[in-house]
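Structure first, commentary second.
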Amino acid sequence: MVLDIKEYEGRPSDKIEGFSDRLVSLIPTLREHECSIGKPGGFIQRLQNGTWAGHIIEHIAIELQCLAGMEVTYGKTLDTSQKGVYIVVCRYLVESAGLKAAREAVSLFEAVVEEKSFDMGQVVSDLKILREDDMLGPTTWSIVKEAKSRGIPFIRLNDNSYIQLGYGAHQKRIQASITSQTSAIAVEAADEKTKVKEHLKKAGIPVPYGQMVSTEEEAIAVFHDIGAAVVVKPDVGNHGKGSTIKITDLDQLKKAFIAAKTYCSDIIVEEYVHGGDFRFLVIDGKFVAAANREPAHIIGNGKSTIKDLIQEINADPRRGFGHEKVLTQIDIDDMTERLLSLRGLSQQYSPKEGEKVYLKTTGNLSQGGTATDVTDEVNPEIRLMAERAARIIGLDCAGVDALATDISLPLDQAGIKVVEINAAPGFRMHLEPTNGRPRNVAKPIVDMLFPEGYAQTPVLAVTGTNGKTTTCKLISHALKYSGKSVGLACTTGILIDGISILTGDYSGPEGAEIVLREPTVDHIVLEVARGGIARRGLGVKEVDVGVLLNIGSDHMGTDWIETREDLSLLKSTVIEVVKKSGASVLNADDSVTMSVLDRARGNIILFSLDPNNQKLKEHVKEGGAVVTVDKRNVIIRTGELDIIVCALEEIPITFGGLVDFNISNALAAIGALHGLNLPLDQIRNGVMTFYPSANQNPGRMNLFDFQKYKVLVDYCHNPEAARALAGLLPRLSQGRKIALCHGTGSRTDEQIIEFGKALAPVYDYIVLADFDPRDRPMGETSELVHKGLIQEGFKEENIEIASDPDKAVDRLFSKAETGDLLVIQPDELEPIMSQIMERYRQMVTNI
């Protein structure tokens with residue numbers, strides 16, 4: 001958060017009487033914070049010596065989350081150029097909870113300063129609710145954690161448990177323990193308990209006797225037919241909702257029937273099987289774990305009421321809210337009230353010594369039940385029975401529920417009967433049993449989804465001040481030309497396998513996520529812009545290849561990026577997230593880029609236009625790889641070996657070796673493809689077949705020959721790009737250079753004026769249009785560019801401001817004479833290109 005601490009800029013904590021004592025009294029656990037001192041009590045020492053509001057609020061926001069069961073530790077408070085304004089950074093596990101903790105931290109700080117009351121209990125409770133609502137459940141999180149341990153990335157696809165594991169064509173999806181391989185037919189079949197029993201019974205698997213009924217009279221008839229205790233439950237349902245066990249009289253039966261009817265019109269009445277409640281977990285057809293479950297209950301002491309006994313149990317430090325601890329607190333809900341009512345009891349009843357009273361119908365841990373791991377006790381015959389049951393229904397991950405007297409005995413002696421097969425079984429009872437050994441049941445799920453030797457989808461990310469789009473499109477073209485299906489997110493839109501599916505600027509995390517989710521691509525290329533990183537991050541945790549092209553002064557003064565050092569640290573994010581097995585590609589010709597070389601991860605590849613670049617020589621000497629130009633050949637140099645890629649003139653985007661910045665872009669792309677281990681012939685074919693055309697690279701050095709004059713379209717949007725064109729344009733045409741230019745309103749006044757200055761020595765006549773005002777008044781940006789032109793000595797009579805941007809192209813063409821070179825710097829490419837192509841068609845028709 002950006003935090004203005006206002007008058008507290010002059011009031012550190014030691015200047016606010018009693019502040020430290022009041023704060024620590026409210027949150028005693030702040031004593032454990034180490035802060036910069038590196039040991040518990042460090043933060044308290046900082047408070048007593050004097051520290052500022054931003055730093056204090058950072059620690060409060062972290063601790064509020066910890067108190068709500070979300071253990072986070074990282075935080076940092078940064079200065080800005082504005083007095084009293086700080087950037088406060090805090091880690092979170094749940095975004096909604098993190099945001100609330102940050103807001104409440106500000107309120108709490110102010111309350112402590114002003115000696116007002118603050119309801120800590122309510123805030124922590126609210127944060128716990130957000131945690132339970134938005135945090136991944138234990139089943140989903142265990143699978144995600146297991147996947148992460150193997151380097152498999154994940155994307156959360158909704159606010160619940162819908163998760164994508166892996167990227168592109170190699171992705172799998174889960175929702176809790178339902179996987180993208182789970183049969184929809186099997187899930188539906190498992191939900192119909194009567195049909196499940198029929199299938200199992202026919203296969204020789206023991207099941208309880210019972211029937212499905214739809215009326216109370218039918219239920220009574222089945223009850224009399226069984227002649228013993230029964231279970232009543234809805235035919236379709238889960239988590240024990242509407243179920244009642246061990247019914248022994250007609251009054252209980254009628255109440256149970258009404259309860260079940262609430263959930264389903266078809267009701268099952270079946271024999272009650274004596275014995276323990278067991279869950280057998282089967283994944284990919286193999287038995288992996290078993291637990292003995294017991295529903296939430298209390299045991300009487302002859303004195304305390306049921307209500308008091310529940311409170312005593314909930315005081316167990318192992319019990320918490322939701323999933324925060326091994327056990328969950330027991331709530332008195334409708335199910336509890338119904339079970340007590342069936343026995344003629346109330347919360348005020350005091351059970352006799354040793355009397356057990358069940359409070360839930362199922363042993364779910366989320367309802368306060370307990371679980372004991374019994375995996376090693378299961379008889380081989382029962383293991384086989386569980387595996388067969390799961391396969392008969394067709395589930396890749398199944399919870400086989402059974403009642404039995406002794407699961408260590410053979411099948412015919414265990415007194416076992418299967419009562420249900422559950423799709424999407426919960427893992428918590430196996431991951432964190434109340435008693436016994438925890439089992440990593442997520443491992444077989446991930447083994448099933450990603451067998452040994454599975455392929456991952458490589459991700460390449462490119463950043464820099466200039467050249468990002470061209471480099472990304474060249475990389476994408478080379479990969480597609482080599483037979484890959486490529487997803488590209490860049491400034492001009494999103495392309496899937498070379499086909500544009502979305503237009504607009506997708507160089508931020510939104511574009512990245514769209515491509516990462518795309519199931520048809522096997523390679524992903526991301527253009528990464530400064531604004532996206534600063535405001536919302538990369539959109540990807542790790543990349544296989546990170547490319548840092550250059551670091552100019554563009555965008556300085558926005559998003560709290562004040563200096564070139566700030567910008568270099570921001571841009572270097574792309575090379576910091578490279579996998580250890582990946583490659584970082586950096587421009588050795590750019591001194592600012594080289595200043596962050598030590599932040600690069602993976603195999604480092606440098607590129608330079610100069611084969612004698614000292615950085616290149618040192619890197620080769622240390623055993624590194626470089627890409628450069630030597631004797632007009634583009635080469636990959638490793639040690640003593642020079643591998644010729646192709647002649648410089650054979651790369652179309654260099655215009656026969658004339659365009660230095662596109663030579664640099666080509667070297668970067670070759671370095672990235674080499675870092676990806678693409679074969680040399682495929683790299684060569686890729687760079688030699690990529691043209692600066694409106695089809696392959698629209699808006700980037702597109703040259704049109706109108707016979708009498710030429711038109712160049714290039715997205716030249718900052719001073720560095722303008723200066724780069726200065727040396728090229730005379731080589732393309734000896735005539736006048738007439739440009740349609742615009743500044744970008746999101747830059748500072750000084751940067752827009754500097755852009756105007758950079759244009760002055762390049763052109764003979766300039767038409768200015770305000771294509772991109774952003775938050776500025778229309779025309780203001782053009783006036784600032786105009787100011788820069790005049791300051792640099794450009795003649796007033798050679799400047800025209802187009803008040804109507806839609807007619808700016810017409811104004812430019814009206815100035816054209818034989819031998820001229822018209823240069824158009826577009827903002828939105830499509831309308832500009834449409835106008836140019838229409839003029840081109842008219843010229844061809846007239847000929």
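Identifiers for the structure tokens are assigned positionally: chains receive A, B, ... in sequence, residues are indexed from 1 per chain, and ligands are indexed from 1 in the order shown.
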
Q.
For range 390-406 of chain A, find every residue with an atom within 6 Å (counting only C-alpha atoms), except residues of its own chain fewer than 6 positions away, and show them as a PyMOL selection string.
A. chain A and resi 182+186+275-284+414-423+425

Could the residues in this selection be written to a file with N, CA and C atoms, as a tab-separated table (two decimals), in the first residue's frame?
```
chain	number	residue	atom	x	y	z
A	182	THR	N	-10.90	-37.34	-13.97
A	182	THR	CA	-12.01	-38.01	-13.29
A	182	THR	C	-13.20	-38.13	-14.23
A	186	ALA	N	-18.67	-41.46	-13.64
A	186	ALA	CA	-18.37	-42.12	-12.37
A	186	ALA	C	-18.80	-41.25	-11.19
A	275	GLY	N	-19.84	-51.73	14.25
A	275	GLY	CA	-18.40	-51.72	14.01
A	275	GLY	C	-17.88	-50.31	13.78
A	276	GLY	N	-16.59	-50.24	13.51
A	276	GLY	CA	-15.95	-48.96	13.29
A	276	GLY	C	-16.25	-48.41	11.89
A	277	ASP	N	-16.13	-47.09	11.78
A	277	ASP	CA	-16.36	-46.38	10.50
A	277	ASP	C	-15.00	-46.17	9.84
A	278	PHE	N	-14.80	-46.80	8.69
A	278	PHE	CA	-13.49	-46.74	8.04
A	278	PHE	C	-13.58	-46.08	6.66
A	279	ARG	N	-12.56	-45.31	6.33
A	279	ARG	CA	-12.42	-44.71	5.00
A	279	ARG	C	-11.17	-45.29	4.35
A	280	PHE	N	-11.35	-45.95	3.21
A	280	PHE	CA	-10.23	-46.47	2.42
A	280	PHE	C	-10.04	-45.55	1.21
A	281	LEU	N	-8.86	-44.99	1.08
A	281	LEU	CA	-8.58	-44.08	-0.03
A	281	LEU	C	-7.90	-44.84	-1.16
A	282	VAL	N	-8.49	-44.75	-2.35
A	282	VAL	CA	-7.95	-45.42	-3.53
A	282	VAL	C	-7.67	-44.39	-4.60
A	283	ILE	N	-6.42	-44.35	-5.10
A	283	ILE	CA	-6.02	-43.38	-6.12
A	283	ILE	C	-5.39	-44.13	-7.29
A	284	ASP	N	-5.89	-43.84	-8.46
A	284	ASP	CA	-5.40	-44.49	-9.68
A	284	ASP	C	-5.48	-46.01	-9.57
A	414	ALA	N	-14.09	-60.12	8.73
A	414	ALA	CA	-13.94	-58.74	9.23
A	414	ALA	C	-15.25	-58.10	9.61
A	415	GLY	N	-16.38	-58.73	9.25
A	415	GLY	CA	-17.68	-58.12	9.51
A	415	GLY	C	-17.83	-56.80	8.77
A	416	ILE	N	-17.32	-56.77	7.55
A	416	ILE	CA	-17.25	-55.51	6.81
A	416	ILE	C	-18.35	-55.41	5.77
A	417	LYS	N	-18.88	-54.19	5.64
A	417	LYS	CA	-19.83	-53.91	4.57
A	417	LYS	C	-19.58	-52.49	4.06
A	418	VAL	N	-19.53	-52.35	2.72
A	418	VAL	CA	-19.28	-51.05	2.09
A	418	VAL	C	-20.59	-50.28	2.02
A	419	VAL	N	-20.60	-49.07	2.55
A	419	VAL	CA	-21.84	-48.28	2.60
A	419	VAL	C	-21.89	-47.19	1.53
A	420	GLU	N	-20.71	-46.70	1.09
A	420	GLU	CA	-20.69	-45.62	0.09
A	420	GLU	C	-19.37	-45.63	-0.66
A	421	ILE	N	-19.41	-45.08	-1.89
A	421	ILE	CA	-18.18	-44.73	-2.62
A	421	ILE	C	-18.26	-43.24	-2.88
A	422	ASN	N	-17.25	-42.50	-2.43
A	422	ASN	CA	-17.28	-41.05	-2.53
A	422	ASN	C	-16.32	-40.52	-3.59
A	423	ALA	N	-16.86	-39.71	-4.49
A	423	ALA	CA	-15.99	-38.92	-5.36
A	423	ALA	C	-15.51	-37.71	-4.56
A	425	PRO	N	-12.97	-37.32	-2.40
A	425	PRO	CA	-12.75	-37.57	-0.97
A	425	PRO	C	-11.78	-36.55	-0.38
```

Q: For CA of Thr179 in chain A and CA of Glu518 in chain A, determine how far apart the two atoms are, in Å to one decimal place.
A: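 Between these atoms lies a distance of 17.7 Å.
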
Q: Can you pull out every residue within 12 Å of Ile129 in chain A, counting only C-alpha atoms, but drop anything in the same chain fewer than 3 positions away, and send it as number ranges by chain?
A: A: 65, 68-70, 94, 96-97, 100, 122-126, 132-135, 321-324

Q) Hey, what's within 10 Å of range 746-749 of chain A if we count only C-alpha atoms and toss same-chain stuff fewer than 3 positions away? As a ChimeraX atom specification, please? A) /A:554-558,718,743,752-755,772-776,780-781,784-785

**Q.** Secondary structure check, strand (DSSP E) residues of range 58-167 of chain A, as a list in words
**A.**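 Matching residues for strand (DSSP E) in range 58-167 of chain A are Gly75, Lys76, Thr77, Leu78, Asp79, Val85, Tyr86, Ile87, Val88, Val89, Cys90, Phe154, Ile155, Arg156, Tyr162, Ile163, Gln164 and Leu165 of chain A.
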
Q.
To test your reading of the structure, identify every residue in range 1-115 of chain A that backbone DSSP assigns to alpha helix (DSSP H), and report it as a ChimeraX atom specification.
A. /A:19-26,42-49,53-67,95-113

Q: Tell me which protein, DNA and RNA residues are within 10 Å of Gly151 in chain A, counting only C-alpha atoms, leaving out same-chain ones fewer than 2 positions away, and put them as a ChimeraX atom specification.
A: /A:145-149,153-154,166,456,542,579

Each residue of range 156-202 of chain A with at least one atom at most 12 Å from range 208-222 of chain A should appear once, together with its nearest atom pair and the corresponding distance in Å (one decimal); atoms considered: only C-alpha atoms; ordering: chain, then increasing residue number; output as a tab-separated table.
```
residue	atom	partner	partner_atom	distance
A:Glu192	CA	A:Met212	CA	10.7
A:Lys193	CA	A:Met212	CA	9.4
A:Thr194	CA	A:Met212	CA	6.8
A:Lys195	CA	A:Met212	CA	9.9
A:Val196	CA	A:Pro208	CA	11.6
A:Lys197	CA	A:Pro208	CA	8.2
A:Glu198	CA	A:Tyr209	CA	10.4
A:Leu200	CA	A:Pro208	CA	10.7
A:Lys201	CA	A:Pro208	CA	9.3
```

Q: Rank nothing, just name the residue among A:Thr375, A:Phe706, A:Glu562, A:Thr470 nearest to Gln82 in chain A, using only C-alpha atoms.
A: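 For Gln82 in chain A, the nearest of the given residues is A:Glu562.
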
Q. Could you name the residues that touch Glu353 in chain A at 8 Å or less, counting only C-alpha atoms, but leaving out those on the same chain fewer than 4 positions away, as a list in words?
A.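 What passes the distance filter is Ile299, Gly300, Asn301 and Gly302 of chain A.
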
Write out, as a PDB file, in the first residue's frame, the residues just selected, with N, CA, C and O atoms.
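Result file follows (part33.pdb):
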```pdb
ATOM      1  N   ILE A 299     -18.238 -37.494  26.046  1.00  0.00           N
ATOM      2  CA  ILE A 299     -18.361 -38.611  26.993  1.00  0.00           C
ATOM      3  C   ILE A 299     -18.695 -38.028  28.360  1.00  0.00           C
ATOM      4  O   ILE A 299     -17.973 -37.156  28.876  1.00  0.00           O
ATOM      5  N   GLY A 300     -19.792 -38.476  28.924  1.00  0.00           N
ATOM      6  CA  GLY A 300     -20.289 -37.903  30.177  1.00  0.00           C
ATOM      7  C   GLY A 300     -19.398 -38.171  31.370  1.00  0.00           C
ATOM      8  O   GLY A 300     -18.650 -39.154  31.413  1.00  0.00           O
ATOM      9  N   ASN A 301     -19.514 -37.259  32.353  1.00  0.00           N
ATOM     10  CA  ASN A 301     -18.800 -37.440  33.624  1.00  0.00           C
ATOM     11  C   ASN A 301     -19.775 -37.479  34.801  1.00  0.00           C
ATOM     12  O   ASN A 301     -19.357 -37.454  35.971  1.00  0.00           O
ATOM     13  N   GLY A 302     -21.068 -37.519  34.461  1.00  0.00           N
ATOM     14  CA  GLY A 302     -22.086 -37.580  35.511  1.00  0.00           C
ATOM     15  C   GLY A 302     -22.419 -36.244  36.117  1.00  0.00           C
ATOM     16  O   GLY A 302     -23.317 -36.150  36.974  1.00  0.00           O
TER      17      GLY A 302
END
```

**Q.** Residue nearest Leu339 in chain A - candidates A:His297, A:Lys473, A:Lys352, A:Arg839, atoms counted: only C-alpha atoms
**A.**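 Once distances to Leu339 in chain A are computed over only C-alpha atoms, the minimum belongs to A:His297.
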
Which residues of range 518-599 of chain A come within 12 Å of range 497-513 of chain A, and what is each one's closest atom pair and distance in Å (one decimal), counting only C-alpha atoms, sorted by chain and residue number, as JSON lines?
```
{"residue": "A:Glu518", "atom": "CA", "partner": "A:Glu513", "partner_atom": "CA", "distance": 8.6}
{"residue": "A:Pro519", "atom": "CA", "partner": "A:Asp497", "partner_atom": "CA", "distance": 11.7}
{"residue": "A:Thr520", "atom": "CA", "partner": "A:Asp497", "partner_atom": "CA", "distance": 8.5}
{"residue": "A:Val521", "atom": "CA", "partner": "A:Asp497", "partner_atom": "CA", "distance": 7.3}
{"residue": "A:Asp522", "atom": "CA", "partner": "A:Asp497", "partner_atom": "CA", "distance": 9.6}
{"residue": "A:His523", "atom": "CA", "partner": "A:Asp497", "partner_atom": "CA", "distance": 9.6}
{"residue": "A:Ile524", "atom": "CA", "partner": "A:Ala512", "partner_atom": "CA", "distance": 8.8}
{"residue": "A:Val525", "atom": "CA", "partner": "A:Ala512", "partner_atom": "CA", "distance": 8.6}
{"residue": "A:Leu526", "atom": "CA", "partner": "A:Ala512", "partner_atom": "CA", "distance": 6.3}
{"residue": "A:Glu527", "atom": "CA", "partner": "A:Ser507", "partner_atom": "CA", "distance": 5.2}
{"residue": "A:Val528", "atom": "CA", "partner": "A:Ser507", "partner_atom": "CA", "distance": 5.2}
{"residue": "A:Ala529", "atom": "CA", "partner": "A:Ser507", "partner_atom": "CA", "distance": 5.6}
{"residue": "A:Arg530", "atom": "CA", "partner": "A:Gly508", "partner_atom": "CA", "distance": 8.4}
{"residue": "A:Gly531", "atom": "CA", "partner": "A:Gly508", "partner_atom": "CA", "distance": 7.5}
{"residue": "A:Gly532", "atom": "CA", "partner": "A:Gly508", "partner_atom": "CA", "distance": 4.5}
{"residue": "A:Ile533", "atom": "CA", "partner": "A:Gly508", "partner_atom": "CA", "distance": 7.2}
{"residue": "A:Ala534", "atom": "CA", "partner": "A:Gly508", "partner_atom": "CA", "distance": 9.9}
{"residue": "A:Arg535", "atom": "CA", "partner": "A:Gly508", "partner_atom": "CA", "distance": 9.3}
{"residue": "A:Arg536", "atom": "CA", "partner": "A:Pro509", "partner_atom": "CA", "distance": 6.8}
{"residue": "A:Gly537", "atom": "CA", "partner": "A:Pro509", "partner_atom": "CA", "distance": 6.5}
{"residue": "A:Leu538", "atom": "CA", "partner": "A:Pro509", "partner_atom": "CA", "distance": 5.4}
{"residue": "A:Gly539", "atom": "CA", "partner": "A:Pro509", "partner_atom": "CA", "distance": 4.1}
{"residue": "A:Val540", "atom": "CA", "partner": "A:Ala512", "partner_atom": "CA", "distance": 7.2}
{"residue": "A:Lys541", "atom": "CA", "partner": "A:Pro509", "partner_atom": "CA", "distance": 11.0}
{"residue": "A:Val543", "atom": "CA", "partner": "A:Ala512", "partner_atom": "CA", "distance": 11.6}
```

Q) Hey, what's within 12 Å of Glu9 in chain A if we count only C-alpha atoms and toss same-chain stuff fewer than 5 positions away? As an NGL selection string, please? A) :A and (3-4 or 15-16 or 50-55 or 79 or 82-86)

Write the selection just made, keeping N, CA and C atoms, as a compact mmCIF listing (two decimals), in the first residue's frame?
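In the end it all went to part_33.txt:
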```txt
# COMPACT_ATOMS: atom_id res chain seq x y z
N LEU A 3 1.22 4.65 1.59
CA LEU A 3 0.72 5.15 2.87
C LEU A 3 1.26 6.55 3.15
N ASP A 4 0.34 7.50 3.31
CA ASP A 4 0.72 8.86 3.71
C ASP A 4 0.53 8.96 5.22
N LYS A 15 8.16 9.26 20.43
CA LYS A 15 7.65 10.61 20.71
C LYS A 15 6.16 10.60 21.04
N ILE A 16 5.54 9.43 21.00
CA ILE A 16 4.11 9.31 21.32
C ILE A 16 4.01 8.65 22.68
N GLY A 50 12.35 4.39 18.72
CA GLY A 50 11.68 5.31 17.81
C GLY A 50 11.67 4.81 16.38
N THR A 51 10.50 4.47 15.86
CA THR A 51 10.36 4.10 14.45
C THR A 51 9.06 4.71 13.94
N TRP A 52 8.92 4.75 12.60
CA TRP A 52 7.82 5.52 12.02
C TRP A 52 6.58 4.67 11.76
N ALA A 53 5.49 5.36 11.52
CA ALA A 53 4.17 4.73 11.37
C ALA A 53 4.15 3.65 10.31
N GLY A 54 4.77 3.89 9.16
CA GLY A 54 4.75 2.91 8.07
C GLY A 54 5.33 1.57 8.52
N HIS A 55 6.46 1.63 9.20
CA HIS A 55 7.13 0.42 9.68
C HIS A 55 6.26 -0.30 10.72
N ASP A 79 10.98 4.16 1.47
CA ASP A 79 10.81 5.60 1.29
C ASP A 79 10.38 5.92 -0.13
N GLN A 82 8.32 11.61 -1.98
CA GLN A 82 7.35 12.51 -1.36
C GLN A 82 7.44 12.42 0.16
N LYS A 83 7.57 13.53 0.80
CA LYS A 83 7.70 13.55 2.25
C LYS A 83 6.47 12.94 2.93
N GLY A 84 6.72 12.01 3.84
CA GLY A 84 5.64 11.40 4.59
C GLY A 84 4.93 10.27 3.87
N VAL A 85 5.31 9.99 2.63
CA VAL A 85 4.65 8.93 1.86
C VAL A 85 5.59 7.74 1.75
N TYR A 86 5.07 6.57 2.12
CA TYR A 86 5.86 5.34 2.12
C TYR A 86 5.13 4.25 1.34
```

**Q.** Proximity to Glu830 in chain A - best of A:Gly493, A:Gly320, A:Gly42, A:Pro451, only C-alpha atoms
**A.**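 Checking each candidate against Glu830 in chain A, we get A:Gly493 as the closest.
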
Q: Just give me the gap between CA of Val823 in chain A and CA of Thr628 in chain A in Å, one decimal is fine.
A: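 About the pair CA of Val823 in chain A and CA of Thr628 in chain A: they are 29.7 Å apart.
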
**Q.** Top pick for closest residue to Phe450 in chain A, considering A:Ser595, A:Gln171, A:Ser782, A:Asn292 and counting only C-alpha atoms
**A.**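 Under the stated criterion, the closest residue is A:Gln171.
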
**Q.** Minimum-distance residue to Gly639 in chain A, chosen among A:Glu95, A:Val627, A:Val620, A:Leu67 (using only C-alpha atoms)
**A.** A:Val620

Q: Enter the distance from CA of Tyr481 in chain A to CA of Ile683 in chain A, in Å, rounded to one decimal.
A: 9.2 Å

Q | Selected residue, from A:Ile258, A:Ile475, A:Val112, A:Leu759, that lies nearest to Leu667 in chain A when counting only C-alpha atoms | A |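 Among A:Ile258, A:Ile475, A:Val112, A:Leu759, it is A:Ile475 that comes nearest to Leu667 in chain A.
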